Structures are given as structure tokens and as C-alpha cells.
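Student: So here's entry-v9.txt, just compact mmCIF, C-alpha atoms and all ligand atoms:
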# COMPACT_ATOMS: atom_id res chain seq x y z
CA MET I 791 8.52 14.30 20.10
CA ARG I 792 8.58 11.93 23.06
CA VAL I 793 6.09 9.25 21.97
CA LEU I 794 4.71 6.48 24.12
CA ILE I 795 3.41 3.57 22.05
CA LEU I 796 1.01 1.41 24.05
CA GLY I 797 0.67 -2.11 22.64
CA GLY I 798 4.12 -1.84 21.05
CA ASP I 799 4.55 -5.59 20.61
CA GLY I 800 1.45 -5.91 18.40
CA TYR I 801 0.80 -6.21 14.67
CA LEU I 802 0.62 -2.42 14.34
CA GLY I 803 2.52 -1.29 17.43
CA TRP I 804 5.97 -2.66 16.55
CA PRO I 805 6.07 -1.31 12.98
CA THR I 806 4.81 2.04 14.31
CA ALA I 807 7.63 2.13 16.86
CA MET I 808 10.25 1.60 14.14
CA HIS I 809 8.54 4.10 11.83
CA LEU I 810 8.39 6.87 14.43
CA ALA I 811 11.93 6.17 15.63
CA SER I 812 13.12 6.44 12.01
CA ALA I 813 11.31 9.76 11.69
CA GLY I 814 13.47 11.04 14.56
CA HIS I 815 11.02 10.75 17.47
CA GLU I 816 12.01 9.51 20.91
CA VAL I 817 10.07 6.26 21.36
CA MET I 818 9.08 4.14 24.33
CA VAL I 819 6.96 1.00 23.79
CA VAL I 820 4.79 -0.71 26.39
CA ASP I 821 3.22 -4.17 26.23
CA ASN I 822 2.25 -7.04 28.52
CA TYR I 823 2.23 -9.74 25.77
CA LEU I 824 -1.52 -10.18 26.17
CA ARG I 825 -1.91 -11.03 22.51
CA ARG I 826 0.85 -13.64 22.61
CA ARG I 827 -0.66 -15.18 25.74
CA VAL I 828 -4.17 -15.40 24.27
CA MET I 829 -2.76 -16.86 21.06
CA VAL I 830 -1.04 -19.65 22.98
CA GLU I 831 -4.16 -20.31 25.08
CA GLU I 832 -6.34 -20.49 21.97
CA ASP I 833 -3.79 -22.56 19.97
CA VAL I 834 -3.43 -19.99 17.17
CA GLU I 835 0.27 -19.20 16.95
CA PRO I 836 1.44 -16.81 14.21
CA LEU I 837 2.80 -17.80 10.80
CA TYR I 838 6.44 -17.48 11.90
CA PRO I 839 8.08 -17.03 15.30
CA VAL I 840 8.58 -13.43 16.41
CA PRO I 841 11.38 -12.46 18.85
CA ASN I 842 10.19 -10.86 22.08
CA LEU I 843 9.96 -7.09 22.30
CA VAL I 844 13.27 -6.61 24.12
CA GLU I 845 15.10 -8.69 21.51
CA ARG I 846 13.45 -6.79 18.67
CA ALA I 847 14.40 -3.42 20.16
CA ARG I 848 17.99 -4.66 20.62
CA LYS I 849 18.17 -5.85 17.02
CA TRP I 850 16.70 -2.55 15.81
CA GLN I 851 19.34 -0.58 17.71
CA GLN I 852 22.17 -2.77 16.37
CA ILE I 853 21.02 -2.15 12.81
CA THR I 854 20.00 1.52 12.93
CA GLY I 855 21.74 2.95 15.99
CA ARG I 856 18.35 4.26 17.16
CA GLU I 857 16.92 3.37 20.54
CA ILE I 858 13.42 2.09 21.28
CA VAL I 859 12.92 1.87 25.05
CA VAL I 860 10.83 -1.11 26.22
CA GLN I 861 8.60 -1.38 29.30
CA ILE I 862 6.79 -4.66 29.96
CA GLY I 863 3.65 -4.36 32.07
CA ASP I 864 -0.12 -4.28 32.21
CA LEU I 865 -1.77 -0.96 31.34
CA SER I 866 -4.93 -1.92 33.19
CA ARG I 867 -2.83 -1.69 36.41
CA TRP I 868 -2.66 1.91 37.65
CA GLU I 869 0.66 1.66 39.56
CA PHE I 870 2.43 0.51 36.41
CA VAL I 871 0.80 3.15 34.20
CA GLU I 872 1.67 5.91 36.64
CA ARG I 873 5.31 4.80 36.81
CA VAL I 874 5.60 4.77 33.00
CA PHE I 875 4.04 8.21 32.54
CA LYS I 876 6.02 9.81 35.38
CA SER I 877 9.34 8.49 34.07
CA PHE I 878 8.79 9.24 30.36
CA MET I 879 6.51 12.31 30.40
CA PRO I 880 5.23 11.72 26.84
CA GLU I 881 4.19 14.51 24.49
CA ALA I 882 2.15 12.05 22.42
CA ILE I 883 0.60 8.69 23.28
CA VAL I 884 -0.34 6.20 20.56
CA HIS I 885 -2.83 3.87 22.20
CA TYR I 886 -3.09 0.46 20.49
CA ALA I 887 -3.13 -1.63 23.69
CA GLU I 888 -6.41 -3.51 23.54
CA GLN I 889 -7.77 -6.98 22.94
CA PRO I 890 -8.48 -6.46 19.21
CA SER I 891 -10.21 -9.65 18.08
CA ALA I 892 -13.96 -9.55 17.42
CA PRO I 893 -14.32 -13.38 17.27
CA TYR I 894 -12.31 -13.82 20.48
CA SER I 895 -14.62 -11.38 22.27
CA MET I 896 -17.57 -13.57 21.22
CA ILE I 897 -16.12 -17.00 22.14
CA ARG I 898 -17.20 -17.29 25.76
CA ARG I 899 -18.05 -15.22 28.83
CA GLU I 900 -14.47 -15.12 30.15
CA ALA I 901 -13.14 -13.77 26.85
CA ALA I 902 -15.90 -11.15 26.78
CA ALA I 903 -15.06 -10.09 30.35
CA LEU I 904 -11.35 -9.90 29.55
CA THR I 905 -12.08 -7.71 26.53
CA ILE I 906 -14.28 -5.32 28.51
CA ASN I 907 -12.00 -5.07 31.55
CA ASN I 908 -8.78 -4.83 29.59
CA ASN I 909 -9.88 -2.36 26.92
CA LEU I 910 -11.82 0.02 29.13
CA GLY I 911 -9.37 -0.33 32.04
CA ALA I 912 -6.39 0.56 29.84
CA THR I 913 -8.14 3.50 28.20
CA ALA I 914 -9.33 4.90 31.52
CA ASN I 915 -5.82 4.63 32.99
CA VAL I 916 -4.31 6.44 30.00
CA ILE I 917 -6.83 9.26 30.45
CA PHE I 918 -6.14 9.56 34.20
CA ALA I 919 -2.37 9.46 33.67
CA VAL I 920 -2.50 12.22 31.05
CA LYS I 921 -4.64 14.38 33.33
CA GLU I 922 -2.26 13.92 36.28
CA HIS I 923 1.16 13.93 34.64
CA CYS I 924 1.08 15.46 31.15
CA PRO I 925 -2.23 17.27 30.53
CA ASP I 926 -0.98 18.88 27.32
CA ALA I 927 -0.04 15.52 25.73
CA HIS I 928 -1.92 14.35 22.65
CA ILE I 929 -3.68 10.97 22.84
CA VAL I 930 -3.86 9.22 19.47
CA LYS I 931 -6.32 6.41 20.06
CA LEU I 932 -7.03 3.55 17.68
CA GLY I 933 -10.73 3.10 17.24
CA THR I 934 -12.39 1.15 14.45
CA MET I 935 -14.73 1.76 11.53
CA GLY I 936 -16.72 -1.09 13.08
CA GLU I 937 -17.99 1.37 15.67
CA TYR I 938 -20.34 2.82 13.06
CA GLY I 939 -21.69 -0.53 11.89
CA THR I 940 -23.35 -0.53 8.47
CA PRO I 941 -26.11 2.11 8.56
CA ASN I 942 -28.29 2.74 5.54
CA ILE I 943 -27.02 6.34 5.25
CA ASP I 944 -23.61 7.90 4.51
CA ILE I 945 -21.08 7.56 7.35
CA GLU I 946 -19.59 10.92 8.30
CA GLU I 947 -16.13 11.45 9.76
CA GLY I 948 -16.98 11.07 13.44
CA TRP I 949 -19.63 13.77 13.81
CA ILE I 950 -23.08 14.53 12.44
CA ASP I 951 -25.25 17.66 12.49
CA ILE I 952 -28.77 16.84 13.61
CA GLU I 953 -31.74 19.11 13.00
CA HIS I 954 -34.64 18.37 15.32
CA ASN I 955 -37.82 20.37 15.78
CA GLY I 956 -36.22 23.40 14.18
CA ARG I 957 -33.02 23.35 16.26
CA THR I 958 -29.58 21.97 15.35
CA GLU I 959 -26.74 20.37 17.29
CA LYS I 960 -23.54 18.48 16.41
CA PHE I 961 -23.29 14.95 17.89
CA LEU I 962 -20.99 11.99 17.68
CA TYR I 963 -22.13 10.01 14.63
CA PRO I 964 -24.44 7.18 15.84
CA ARG I 965 -22.58 4.03 16.74
CA GLN I 966 -23.95 0.47 16.51
CA ALA I 967 -21.22 -2.14 16.62
CA GLY I 968 -21.40 -5.71 15.35
CA SER I 969 -19.38 -7.44 18.10
CA LEU I 970 -18.53 -7.05 21.76
CA TYR I 971 -14.96 -6.02 20.87
CA HIS I 972 -16.30 -3.24 18.64
CA THR I 973 -18.67 -2.22 21.42
CA THR I 974 -15.71 -1.69 23.77
CA LYS I 975 -14.26 0.67 21.15
CA ILE I 976 -17.49 2.68 21.24
CA MET I 977 -17.22 2.83 25.03
CA ASP I 978 -13.60 4.04 24.66
CA THR I 979 -14.78 6.83 22.40
CA ASP I 980 -17.44 7.82 24.93
CA LEU I 981 -14.87 7.86 27.75
CA LEU I 982 -12.50 10.00 25.73
CA TRP I 983 -15.25 12.41 24.68
CA TYR I 984 -16.41 12.78 28.26
CA TYR I 985 -12.94 13.64 29.56
CA VAL I 986 -12.21 15.92 26.59
CA ARG I 987 -15.29 17.88 27.64
CA ILE I 988 -14.47 18.10 31.33
CA TRP I 989 -10.66 18.13 31.37
CA ASP I 990 -9.83 19.74 27.99
CA LEU I 991 -7.79 16.74 26.85
CA ARG I 992 -6.26 16.69 23.38
CA VAL I 993 -7.46 13.55 21.54
CA THR I 994 -7.50 12.08 18.04
CA ASP I 995 -9.66 8.96 17.63
CA LEU I 996 -8.77 7.04 14.48
CA MET I 997 -11.65 4.96 13.12
CA GLN I 998 -9.53 2.39 11.36
CA GLY I 999 -10.68 -0.28 8.92
CA PRO I 1000 -9.16 -3.78 8.68
CA VAL I 1001 -5.42 -3.60 7.94
CA TYR I 1002 -3.55 -5.94 5.59
CA GLY I 1003 0.10 -6.51 4.80
CA ILE I 1004 3.38 -7.69 6.23
CA PHE I 1005 6.11 -5.37 5.03
CA THR I 1006 6.97 -1.84 6.05
CA ASP I 1007 9.95 0.27 4.99
CA GLU I 1008 11.71 -0.30 8.31
CA SER I 1009 11.30 -4.09 8.31
CA GLU I 1010 13.02 -4.36 4.93
CA CYS I 1011 16.46 -4.16 6.59
CA ASP I 1012 16.14 -7.42 8.56
CA GLU I 1013 13.62 -10.26 8.57
CA SER I 1014 13.65 -10.45 12.37
CA LEU I 1015 12.05 -6.99 12.42
CA LEU I 1016 8.94 -8.16 10.56
CA THR I 1017 5.69 -7.77 12.42
CA ILE I 1018 3.61 -10.63 13.81
CA PHE I 1019 1.41 -12.24 11.10
CA SER I 1020 -1.72 -14.22 11.92
CA TYR I 1021 -3.63 -16.39 9.48
CA ASP I 1022 -6.19 -17.81 11.92
CA GLU I 1023 -9.81 -16.82 12.39
CA LEU I 1024 -9.23 -15.07 15.72
CA PHE I 1025 -6.32 -12.74 15.03
CA GLY I 1026 -5.92 -12.73 11.24
CA THR I 1027 -7.57 -9.88 9.35
CA VAL I 1028 -9.52 -11.05 6.34
CA LEU I 1029 -7.08 -10.31 3.51
CA ASN I 1030 -4.10 -11.73 5.43
CA ARG I 1031 -6.16 -14.87 6.10
CA PHE I 1032 -7.15 -15.18 2.44
CA ILE I 1033 -3.49 -14.99 1.37
CA ALA I 1034 -2.54 -17.85 3.71
CA GLN I 1035 -5.58 -19.87 2.63
CA ALA I 1036 -4.67 -19.38 -1.03
CA VAL I 1037 -1.10 -20.51 -0.41
CA VAL I 1038 -2.09 -23.83 1.21
CA GLY I 1039 -5.00 -24.56 -1.14
CA TYR I 1040 -7.69 -23.99 1.49
CA PRO I 1041 -10.81 -22.52 -0.20
CA LEU I 1042 -11.23 -18.84 0.70
CA THR I 1043 -13.75 -18.66 3.53
CA VAL I 1044 -16.40 -16.20 2.34
CA TYR I 1045 -19.10 -15.83 5.00
CA GLY I 1046 -22.64 -15.89 3.59
CA LYS I 1047 -23.29 -13.79 0.49
CA GLY I 1048 -19.91 -12.00 0.74
CA GLY I 1049 -21.37 -8.55 0.17
CA GLN I 1050 -20.04 -7.31 3.53
CA THR I 1051 -18.18 -4.13 2.59
CA ARG I 1052 -15.53 -2.39 4.69
CA GLY I 1053 -12.79 0.21 4.31
CA TYR I 1054 -9.31 -1.34 4.12
CA LEU I 1055 -5.75 -0.07 4.32
CA ASN I 1056 -2.19 -1.25 3.87
CA ILE I 1057 -0.15 -1.51 7.09
CA LYS I 1058 2.21 1.12 5.65
CA ASP I 1059 -0.69 3.56 5.57
CA THR I 1060 -1.54 2.85 9.22
CA LEU I 1061 1.95 4.05 10.11
CA ASN I 1062 1.63 7.14 7.92
CA CYS I 1063 -1.83 7.99 9.28
CA VAL I 1064 -0.71 7.68 12.90
CA ARG I 1065 2.40 9.77 12.26
CA LEU I 1066 0.42 12.47 10.43
CA ALA I 1067 -2.18 12.61 13.21
CA MET I 1068 0.56 12.79 15.84
CA GLU I 1069 2.62 15.46 14.10
CA ASN I 1070 -0.51 17.61 13.57
CA PRO I 1071 -2.11 17.36 17.02
CA ALA I 1072 -5.71 18.04 17.99
CA ASN I 1073 -6.34 21.19 20.02
CA ARG I 1074 -6.85 21.21 23.79
CA GLY I 1075 -10.51 20.37 24.42
CA GLU I 1076 -10.91 18.75 20.99
CA LEU I 1077 -11.91 15.19 20.15
CA ARG I 1078 -10.83 14.97 16.52
CA ILE I 1079 -11.99 11.94 14.56
CA PHE I 1080 -10.64 10.59 11.28
CA ASN I 1081 -11.92 7.62 9.31
CA GLN I 1082 -8.73 5.69 8.64
CA PHE I 1083 -8.92 3.59 5.47
CA THR I 1084 -8.02 4.11 1.85
CA GLU I 1085 -10.35 1.87 -0.23
CA THR I 1086 -13.60 -0.04 0.25
CA PHE I 1087 -14.09 -3.62 -0.90
CA SER I 1088 -16.70 -6.31 -0.37
CA VAL I 1089 -15.47 -9.71 0.80
CA ASN I 1090 -16.33 -11.10 -2.66
CA GLU I 1091 -14.16 -8.43 -4.29
CA LEU I 1092 -11.25 -9.30 -2.00
CA ALA I 1093 -11.64 -13.00 -2.76
CA ASP I 1094 -11.62 -12.26 -6.51
CA LYS I 1095 -8.46 -10.17 -6.16
CA VAL I 1096 -6.71 -12.96 -4.25
CA ARG I 1097 -7.80 -15.51 -6.87
CA GLU I 1098 -6.39 -13.29 -9.64
CA ALA I 1099 -3.10 -12.77 -7.77
CA GLY I 1100 -2.97 -16.53 -7.13
CA ARG I 1101 -3.35 -17.18 -10.84
CA ARG I 1102 -0.31 -14.95 -11.51
CA PHE I 1103 1.61 -16.71 -8.77
CA GLY I 1104 0.68 -20.15 -10.11
CA LEU I 1105 -1.98 -21.10 -7.56
CA ASP I 1106 -5.44 -22.46 -8.31
CA VAL I 1107 -7.42 -20.49 -5.71
CA ARG I 1108 -10.92 -21.72 -4.88
CA ILE I 1109 -13.60 -19.68 -3.13
CA LYS I 1110 -16.18 -21.25 -0.84
CA SER I 1111 -19.28 -19.52 0.45
CA MET I 1112 -20.04 -20.85 3.91
CA GLU I 1113 -22.76 -20.39 6.46
CA ASN I 1114 -22.04 -17.08 8.20
CA PRO I 1115 -21.05 -17.67 11.85
CA ARG I 1116 -21.49 -13.94 12.54
CA LYS I 1117 -24.62 -11.88 12.88
CA GLU I 1118 -24.19 -9.14 10.26
CA LYS I 1119 -25.73 -7.74 7.08
CA GLU I 1120 -24.38 -9.60 4.05
CA GLU I 1121 -25.57 -6.97 1.56
CA HIS I 1122 -25.83 -3.33 2.54
CA TYR I 1123 -25.25 0.32 1.66
CA TYR I 1124 -21.75 1.55 2.60
CA ASN I 1125 -20.46 5.05 1.93
CA PRO I 1126 -18.08 6.33 4.63
CA LYS I 1127 -16.30 9.68 4.22
CA HIS I 1128 -12.52 9.71 4.64
CA THR I 1129 -10.96 13.01 3.72
CA GLY I 1130 -9.35 14.13 7.01
CA LEU I 1131 -6.13 12.15 6.72
CA LEU I 1132 -5.82 12.86 2.98
CA ASP I 1133 -6.05 16.56 3.86
CA LEU I 1134 -3.15 16.08 6.31
CA GLY I 1135 -1.06 14.68 3.44
CA LEU I 1136 -1.67 10.93 3.35
CA VAL I 1137 -0.66 9.37 0.02
CA PRO I 1138 -2.38 5.95 -0.01
CA ASN I 1139 -0.70 2.68 -0.91
CA LYS I 1140 -3.54 1.14 -2.94
CA LEU I 1141 -4.14 -2.62 -3.05
CA THR I 1142 -2.37 -4.00 -6.12
CA CYS I 1143 -1.92 -7.47 -7.58
CA GLU I 1144 1.85 -7.03 -7.10
CA GLU I 1145 1.39 -6.45 -3.36
CA LEU I 1146 -0.76 -9.58 -3.06
CA VAL I 1147 1.75 -11.66 -5.01
CA ARG I 1148 4.60 -10.40 -2.80
CA MET I 1149 2.63 -11.44 0.28
CA MET I 1150 1.96 -14.86 -1.28
CA GLU I 1151 5.67 -15.31 -1.98
CA TYR I 1152 6.59 -14.60 1.62
CA VAL I 1153 3.77 -16.65 3.15
CA SER I 1154 4.77 -19.56 0.87
CA ILE I 1155 8.21 -19.67 2.51
CA HIS I 1156 6.45 -20.45 5.81
CA ARG I 1157 3.63 -22.56 4.39
CA ASP I 1158 4.68 -25.63 6.40
CA ASN I 1159 3.79 -23.73 9.58
CA ILE I 1160 0.17 -23.28 8.50
CA ALA I 1161 -2.10 -25.68 10.38
CA HIS I 1162 -5.39 -26.25 8.53
CA HIS I 1163 -7.41 -26.72 11.71
CA LYS I 1164 -6.43 -23.21 12.88
CA ILE I 1165 -7.75 -21.48 9.75
CA PHE I 1166 -11.49 -21.71 10.43
CA ARG I 1167 -13.22 -22.65 13.67
CA GLY I 1168 -16.58 -20.99 13.10
CA THR I 1169 -16.86 -18.87 16.25
CA LYS I 1170 -20.56 -18.12 16.39
CA TRP I 1171 -22.00 -14.71 17.28
CA ALA I 1172 -25.27 -16.10 18.61
N1 LIG B 1 -5.30 -4.69 12.94
C1 LIG B 1 -6.39 -4.12 12.43
O1 LIG B 1 -6.81 -4.42 11.31
C2 LIG B 1 -7.13 -3.08 13.22
C3 LIG B 1 -8.22 -2.45 12.64
C4 LIG B 1 -8.91 -1.47 13.36
C5 LIG B 1 -8.49 -1.13 14.62
N2 LIG B 1 -7.43 -1.77 15.19
C6 LIG B 1 -7.02 -1.39 16.54
O2 LIG B 1 -5.63 -1.08 16.52
C7 LIG B 1 -5.03 -1.50 17.74
C8 LIG B 1 -3.84 -2.40 17.44
O3 LIG B 1 -4.30 -3.52 16.70
P1 LIG B 1 -3.32 -4.72 16.39
O4 LIG B 1 -3.88 -5.44 15.23
O5 LIG B 1 -1.92 -4.24 16.35
O6 LIG B 1 -3.55 -5.61 17.70
P2 LIG B 1 -2.48 -6.45 18.53
O7 LIG B 1 -3.22 -7.34 19.44
O8 LIG B 1 -1.50 -7.08 17.61
O9 LIG B 1 -1.74 -5.31 19.35
C9 LIG B 1 -2.20 -4.84 20.58
C10 LIG B 1 -1.08 -5.00 21.58
O10 LIG B 1 -1.50 -4.45 22.82
C11 LIG B 1 -1.06 -5.29 23.86
N3 LIG B 1 -1.95 -5.09 25.01
C12 LIG B 1 -3.27 -5.35 25.09
N4 LIG B 1 -3.73 -5.05 26.32
C13 LIG B 1 -2.68 -4.59 27.03
C14 LIG B 1 -2.51 -4.15 28.36
N5 LIG B 1 -3.53 -4.14 29.22
N6 LIG B 1 -1.29 -3.74 28.75
C15 LIG B 1 -0.24 -3.74 27.90
N7 LIG B 1 -0.34 -4.16 26.62
C16 LIG B 1 -1.54 -4.60 26.20
C17 LIG B 1 -1.14 -6.69 23.28
O11 LIG B 1 -0.30 -7.61 23.96
C18 LIG B 1 -0.72 -6.46 21.84
O12 LIG B 1 0.66 -6.65 21.65
C19 LIG B 1 -6.11 -2.17 18.56
O13 LIG B 1 -6.61 -1.26 19.50
C20 LIG B 1 -7.16 -2.51 17.54
O14 LIG B 1 -8.43 -2.52 18.12
C21 LIG B 1 -6.74 -2.73 14.51
Could you quickly redo this structure as C-alpha cells?
Ligand SMILES: NC(=O)c1ccc[n+]([C@@H]2O[C@H](COP(=O)([O-])OP(=O)(O)OC[C@H]3O[C@@H](n4cnc5c(N)ncnc54)[C@H](O)[C@@H]3O)[C@@H](O)[C@H]2O)c1

Tutor:
Amino acid sequence: MRVLILGGDGYLGWPTAMHLASAGHEVMVVDNYLRRRVMVEEDVEPLYPVPNLVERARKWQQITGREIVVQIGDLSRWEFVERVFKSFMPEAIVHYAEQPSAPYSMIRREAAALTINNNLGATANVIFAVKEHCPDAHIVKLGTMGEYGTPNIDIEEGWIDIEHNGRTEKFLYPRQAGSLYHTTKIMDTDLLWYYVRIWDLRVTDLMQGPVYGIFTDESECDESLLTIFSYDELFGTVLNRFIAQAVVGYPLTVYGKGGQTRGYLNIKDTLNCVRLAMENPANRGELRIFNQFTETFSVNELADKVREAGRRFGLDVRIKSMENPRKEKEEHYYNPKHTGLLDLGLVPNKLTCEELVRMMEYVSIHRDNIAHHKIFRGTKWA
């Protein structure tokens, strides 16, 4: 398939590009380096330097002989989006290109405005471009489990049947996000659902949980192909942050009671989920939703796992409960369904002590790059 990967320079976008190219697809990646720019502005550079997208694609081609075409530009600008779609005519679009940090979206008004304008602007442009240039193409959109929040009932896979006054109807499962960033993902879903209804678009919305990990099969052939890895509060996901904290002896930053429970997945499973969704497209006029995670853990459970892996690796890992800068439930019911991707053939990579130790080994090589003041800055929600 001709696959357009939007946000192809990111934590998930670059490994996805290599994975889909390896699987024989024709891949074009698009990015405007927004994440890199925000990271410099906020003084939260990644654990190790990452070559720019053009250099990475060149290296990839040297090693594998496979091409990944690169386009640098801003997807919230229509002229650019139109040019990309017209020239490539994708059959599938994997849309990662958003400002993905919940804390960043809560820092200040300008960051909130950037998150709203960028995320909704890019999604709207993708929808308009598909309608005008490739109406049969399949949009695979990355949403987040955070759209659902933490309701006191089971979380269904996207949809819920409601019975009211003796009549029934199927609705999008109620959404109630915990940050502005997550709220933009809800708005994305609403935009997509609207245009699926009126223009018969073909869309899969993947409600993904927090991802962890560094290594993917394709990055094993050369270190310069490794994805970007953040250990800071803004761009690091919780398990990746805990690994870096453990390595430099910084007590694991558990917010409040630590009972916050979420669905997690290994970065390798993100790639498999996206490929499975793409290779088994939604129908025209269908908004298909999958909950994309493999296991649920509370923050306390993650901290305990990292402490245990640290013990094996020879680290004395401490855990510190701190005042919660976020506004969220610290103990709650959590039972989300997640069978759709398993039914498509996903074989999960479960979280093991060996995986955590391997991450610790690699992060240790770069431990001198870890700046303590970047680990926790306590961005407040309210
Ligand atoms: N990483 C996770 O744990 C996680 C979990 C759930 C959902 N998601 C979603 O998956 C997607 C990818 O996440 P990620 O962790 O790889 O984030 P990321 O920031 O590393 O990747 C997103 C990429 O999109 C680019 N981008 C953003 N706006 C753009 C624009 N207007 N034009 C062109 N490029 C633009 C950024 O520069 C960045 O390289 C995001 O939509 C995120 O919300 C991620």
C-alpha cells in the first residue's frame, strides 16, 4: 500500500515508517519538527541526539535498500497538505501528527492554544484532503485511552448501546478527558465521526494507552535508527521516565496515592496494531474504534516493577510519593475492553523484567546526559 505517515519524525512515527517499509509498503513521512522545536523551547532535550528525518531516511536506505520519502512541512497549512496528498495519492494515512503532551498543554495559555490549533487544524486538513484527493483512502488516527477518562463503569471499545425510555441507540462511548491535550483528541474523534457520517470516509480511531520502550526490530540494525527517547515530565511517558529516574538514583515520582491505572503497551505493539489496522481497513462510512493497549497497571505497580528490575540490574531504586500536580482520581475503577486488535491477530509483547533491565542497560550508557532539573517540574493542572 502507499502509506502516508503524518508525524513521521516522532517517537512512534519513525519506528512505524521503518516497520511498514520493511513489511513492503511504499512509505512517505511528513513532519515539521514541532516536537523538536517545543523540546528546545522548554529545555527538555531527549536522552541522546537523534539525526534529522532526512538523515535517518538516508541511513535506512543505505542499510536496507528500502526508500522512505520525506516531506518537511506543517500539516495545519492547507497548501502544504494539498501538495503532499496530490503528489502521493495515499491509500492509507497514519495520523500521528499532533502535540501529544498533556502537561505541555496545561503549562500556559500559549501552549494550550498551540495544542488546540495544531491538533484540530491538522486533523481537519487531513479530512479535507482525503475527501478531495483520495476519498477511498483509510485514515488510521491515533487517539488516546485518555479520551474516556476513568468512569466508574466498564469502558467499551469506542461505542455503547444506550436504552432510554424504552428505546435504544448506539452512541460514541462518553468521553471526559483529564487534560486539554486529551480534550483535543476527543474533538478529533468528533470531527472524524461527523465527516464519516456525511462523506462516507473510512476511518479507524485507535484509543492508545501510554507507550513504553526504545527498541523495535528495525532499529536493531543500527543505533542511529533508534527512536527519540524522552525522560522529562513533558514528553516522557511514565515508564520511560521511571527507567531514567532509576538509572540516575532519582526517586520514582509517584503522584499522590499512585492508584492511577491505565492500559499500557510496548512500542513494538504500537507498530503491530497500526499495521494490522491498516492492512484490515474500515469500511466506507465506518468509524471503527479499537482500544490499543495490552495490559493495565497502576502507577504503584509500575514503580514496583521498576524497583524489582533495578534490583536485578544492581540499582537501589527508591520510590517517592509526591503531591499530585494533576487533577485526577488517584484510586478508581478501571476495566476497559480491548479485544478488537487481538481479534485482528495482535500477539502482545508483555512487560517483563528482562525488557525493563534491557532499557536500563541502554539508558545507563547515556546517563551523563540526564539533567536532574529536567526530570520533574511539577506542571500544575489547576
Ligand atoms: N506516545 C504515547 O504514549 C501515546 C499514547 C497515546 C496516544 N499517542 C498519540 O500518538 C501520536 C504520536 O505520539 P508520539 O508519542 O509519537 O508523539 P511525537 O510528538 O513524538 O510525534 C508526533 C510528531 O508529529 C509532528 N507534528 C505535530 N504537529 C505537526 C504538524 N502540524 N505538521 C507536521 N508534523 C507535526 C511532531 O513534530 C512529532 O514529530 C500522537 O497523536 C499522540 O497523541 C501517543

Student: For ligand LIG 1 (chain B), collect every residue having any atom at a distance of at most 6 Å from a ligand atom (counting only C-alpha atoms and all ligand atoms); output as a ChimeraX atom specification.

Tutor: /I:797-803,821-825,863-866,886-890,908,912,932-934,998-1001,1027

Student: One decimal, in Å: what's the spacing between CA of Glu922 (chain I) and CA of Arg992 (chain I)?

Tutor: 13.8 Å

Student: Rank I:Ser812, I:Ser877, I:Thr905, I:Ser1154 by their smallest atom-to-atom distance to Val1037 (chain I), using only C-alpha atoms, and report the top residue only.

Tutor: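 For Val1037 (chain I), the nearest of the candidates is I:Ser1154.
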
Student: Quick one: pull the distance between CA of Pro941 (chain I) and CA of Tyr963 (chain I), Å, one decimal.

Tutor: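 Atom-to-atom, CA of Pro941 (chain I) to CA of Tyr963 (chain I), that is 10.7 Å.
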
Student: With a distance cut-off of 10 Å and all atoms listed in the file, select the neighbouring residues of Ile1165 (chain I), excluding the residue or stretch itself and same-chain residues fewer than 6 positions from it, and output the selection as JSON, numbers by chain.

Tutor: {"I": [834, 1020, 1021, 1022, 1023, 1024, 1026, 1031, 1032, 1034, 1035, 1040, 1043]}

Student: Calculated over all atoms listed in the file, which of the candidates I:Ala811, I:Ala1172, I:Met997, I:Val820 has the smallest distance to Pro893 (chain I)?

Tutor: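 Looking at the shortest contact to Pro893 (chain I), the residue is I:Ala1172.
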
Student: Can you tell me which residues surround Val1064 (chain I) at a distance of at most 9 Å, considering only C-alpha atoms, apart from same-chain residues fewer than 2 positions away, and format the answer as a PDB file with C-alpha atoms, keeping the file's coordinate frame?

Tutor:
ATOM      1  CA  THR I 806       4.810   2.040  14.310  1.00  0.00           C
ATOM      2  CA  VAL I 884      -0.340   6.200  20.560  1.00  0.00           C
ATOM      3  CA  VAL I 930      -3.860   9.220  19.470  1.00  0.00           C
ATOM      4  CA  LEU I 932      -7.030   3.550  17.680  1.00  0.00           C
ATOM      5  CA  LEU I 996      -8.770   7.040  14.480  1.00  0.00           C
ATOM      6  CA  ASP I1059      -0.690   3.560   5.570  1.00  0.00           C
ATOM      7  CA  THR I1060      -1.540   2.850   9.220  1.00  0.00           C
ATOM      8  CA  LEU I1061       1.950   4.050  10.110  1.00  0.00           C
ATOM      9  CA  ASN I1062       1.630   7.140   7.920  1.00  0.00           C
ATOM     10  CA  LEU I1066       0.420  12.470  10.430  1.00  0.00           C
ATOM     11  CA  ALA I1067      -2.180  12.610  13.210  1.00  0.00           C
ATOM     12  CA  MET I1068       0.560  12.790  15.840  1.00  0.00           C
ATOM     13  CA  GLU I1069       2.620  15.460  14.100  1.00  0.00           C
TER      14      GLU I1069
END

Student: Rounded to one decimal place, report the CA of Leu1092 (chain I)-CA of Met935 (chain I) distance in Å.

Tutor: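 It comes out at 17.8 Å.
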
Student: Set the distance at 10 Å and use all atoms listed in the file: which residues neighbour Leu794 (chain I) once local chain neighbours fewer than 2 positions away are removed? I'd like the list as a list in words.

Tutor: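 With the cut-off at 10 Å, the set is Met791, Arg792, Leu796, Gly797, Gly798, Ala807, Glu816, Val817, Met818, Val819, Val820, Val859, Val860, Val874, Phe875, Phe878, Met879, Pro880, Glu881, Ala882, Ile883, Val884, His885 and Ile929 of chain I.
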
Student: Taking 2 positions as the minimum chain separation for residues in the same chain, which residues sit within 7 Å of region 837-846 of chain I when counting only C-alpha atoms? Answer as a list of chain:residue names.

Tutor: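 Non-adjacent residues within range: I:Asp799, I:Glu835, I:Arg848, I:Lys849, I:Trp850, I:Val860, I:Leu1015, I:Ile1018, I:Phe1019, I:Ser1020, I:Tyr1021, I:His1156, I:Asn1159, I:Ile1160.
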
Student: Near Asn1125 (chain I), counting all atoms listed in the file, which residues have an atom at most 10 Å away, once you skip same-chain residues fewer than 5 positions from it, shown as a list in words?

Tutor: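 So the residues in contact are Thr940, Pro941, Asn942, Ile943, Asp944, Ile945, Glu946, Thr1051, Arg1052, Gly1053 and Thr1086 of chain I.
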
Student: In terms of the shortest atom-to-atom distance over all atoms listed in the file, which of I:Met1150, I:Leu970, I:Val1028, I:Asn1056 is closest to Thr1006 (chain I)?

Tutor: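 Among the listed residues, I:Asn1056 lies closest to Thr1006 (chain I).
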